[in-house]
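One structure is given here, and the rest of the page talks about it.
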Amino acid sequence: MVEVSGAGADAGQPQPPDGEPDPVTGEIVAALFRLVDELKAHFDAVAARFGLTTTQALALRDLDRPVAMARLAGTLRCEPSNITAMAGRLEARGLVERRPAAGDRRIRQLVLTDAGRQLRQEFVAALFTGVPAVAGLTEAQRRQLRDLLLQATTTINTGNGPTTPAASNPAPTAYEGPEINRTATE
């Protein structure tokens with residue numbers, strides 16, 4: 001069992017200067033890559049259970065409110081033409097509708113239908129149930145991991161860390177229902 005705490009001989013010590021290898025940081029990064037791989041596999045498996053491609057599931061995840069198709073393309077880091085095709089498939093299933101934006105009728109928004117809201121709710125519930133990556137952790141360990149990850153992402157989002165594309169999509173401060181993190185990767 002790994003103990004994660006601030007106690008220890010090097011607690012509170014700064015990281016080595018840039019350019020110098022830090023074995024602890026290397027272990028953290030390697031563990032996070034394994035965690036991301038596990039979470040992506042879980043996401044893909046849950047999406048498949050609902051008959052969704054990964055991209056369709058990512059889109060549904062972000063459709064808690066009407067979203068402009070161009071904005072969704074940016075969030076999902078794909079070409080707008082891919083969103084058009086994907087929206088057509090979701091529309092054919094009766095999960096979304098394309099509507100003009102209220103302020104600018106030239107902008108097309110995707111809006112969940114009642115069936116789409118129901119599927120999204122079931123998908124999100126399944127996504128956060130039985131997550132293998134954290135299944136072996138106690139509630140206290142999950143809270144501690146959450147707090148450390150939120151602290152790390154807050155550092156990125158406040159400009160005190162390196163700038164990345166994900167930094168423009170801040171992590172949520174709490175999970176309060178169907179609203180989930182908007183960071184998308186494919």
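Residue numbers start at 1 in each chain; chains themselves are named A, B, ... in the order of the structure tokens; ligands are numbered from 1 in the order shown.
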Check: Skipping near chain neighbours, those fewer than 3 positions away, what residues fall within 12 Å of Arg65 of chain A using only C-alpha atoms, listed as JSON, numbers by chain?
Finding: {"A": [59, 60, 61, 62, 68, 72, 96, 109, 110, 111, 112, 113, 116, 117, 120, 178, 179]}
Next item on the list: Based on DSSP run over this structure's backbone, return all residues of segment 21-156 of chain A in helix (DSSP H, G or I), as a PyMOL selection string.
Entry: chain A and resi 23-49+54-62+69-76+80-92+114-127+139-156
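The space separating atom CA of Pro100 of chain A from atom CA of Val67 of chain A comes to 10.5 Å.
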Next item on the list: Between atom CA of Ala92 of chain A and atom CA of Asp104 of chain A, measure the distance and give it in Å to one decimal.
Entry: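 Computing it gives 24.9 Å between the two atoms.
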Notebook entry, point to check: Looking at only C-alpha atoms, which of A:Leu127, A:Leu95, A:Leu137, A:Ala102 is the one that sits closest to Ala115 of chain A?
Noted result: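 Of A:Leu127, A:Leu95, A:Leu137, A:Ala102, the one nearest Ala115 of chain A is A:Leu95, counting only C-alpha atoms.
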Can you write out as a tab-separated table which residues of segment 83-142 of chain A fall within 10 Å of segment 31-35 of chain A, alongside each residue's closest atom pair and its distance in Å to one decimal, counting only C-alpha atoms and ordering rows by chain and ascending residue number?
residue	atom	partner	partner_atom	distance
A:Pro132	CA	A:Leu35	CA	9.7
A:Ala133	CA	A:Leu35	CA	6.5
A:Val134	CA	A:Leu35	CA	9.2
Next item on the list: Find the residue from A:Ala152, A:Val36, A:Val46, A:Ala57 that sits nearest to Phe128 of chain A; use only C-alpha atoms when measuring.
Entry: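 Closest residue, counting only C-alpha atoms: A:Val46.
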Check: Which of segment 81-137 of chain A counts as strand (DSSP E) under DSSP, as number ranges by chain please?
Finding: A: 96-100, 108-112
Please write the residues from the selection above to a file, keeping C-alpha atoms, as a compact mmCIF listing (two decimals), in the first residue's frame.
# COMPACT_ATOMS: atom_id res chain seq x y z
CA VAL A 96 -29.83 15.65 -30.55
CA GLU A 97 -31.36 18.40 -32.64
CA ARG A 98 -29.54 21.10 -34.59
CA ARG A 99 -31.01 24.51 -33.84
CA PRO A 100 -30.02 28.06 -34.70
CA ARG A 108 -25.95 26.02 -35.37
CA GLN A 109 -26.18 24.56 -31.88
CA LEU A 110 -26.59 20.98 -30.80
CA VAL A 111 -29.32 20.48 -28.22
CA LEU A 112 -30.17 17.23 -26.48
Next item on the list: Choose the residue, out of A:Ala140, A:Ala126, A:Leu119, A:Ala45, that has the smallest atom-to-atom separation from Gly94 of chain A; count only C-alpha atoms.
Entry: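 Checking each of A:Ala140, A:Ala126, A:Leu119, A:Ala45 against Gly94 of chain A, counting only C-alpha atoms, the winner is A:Leu119.
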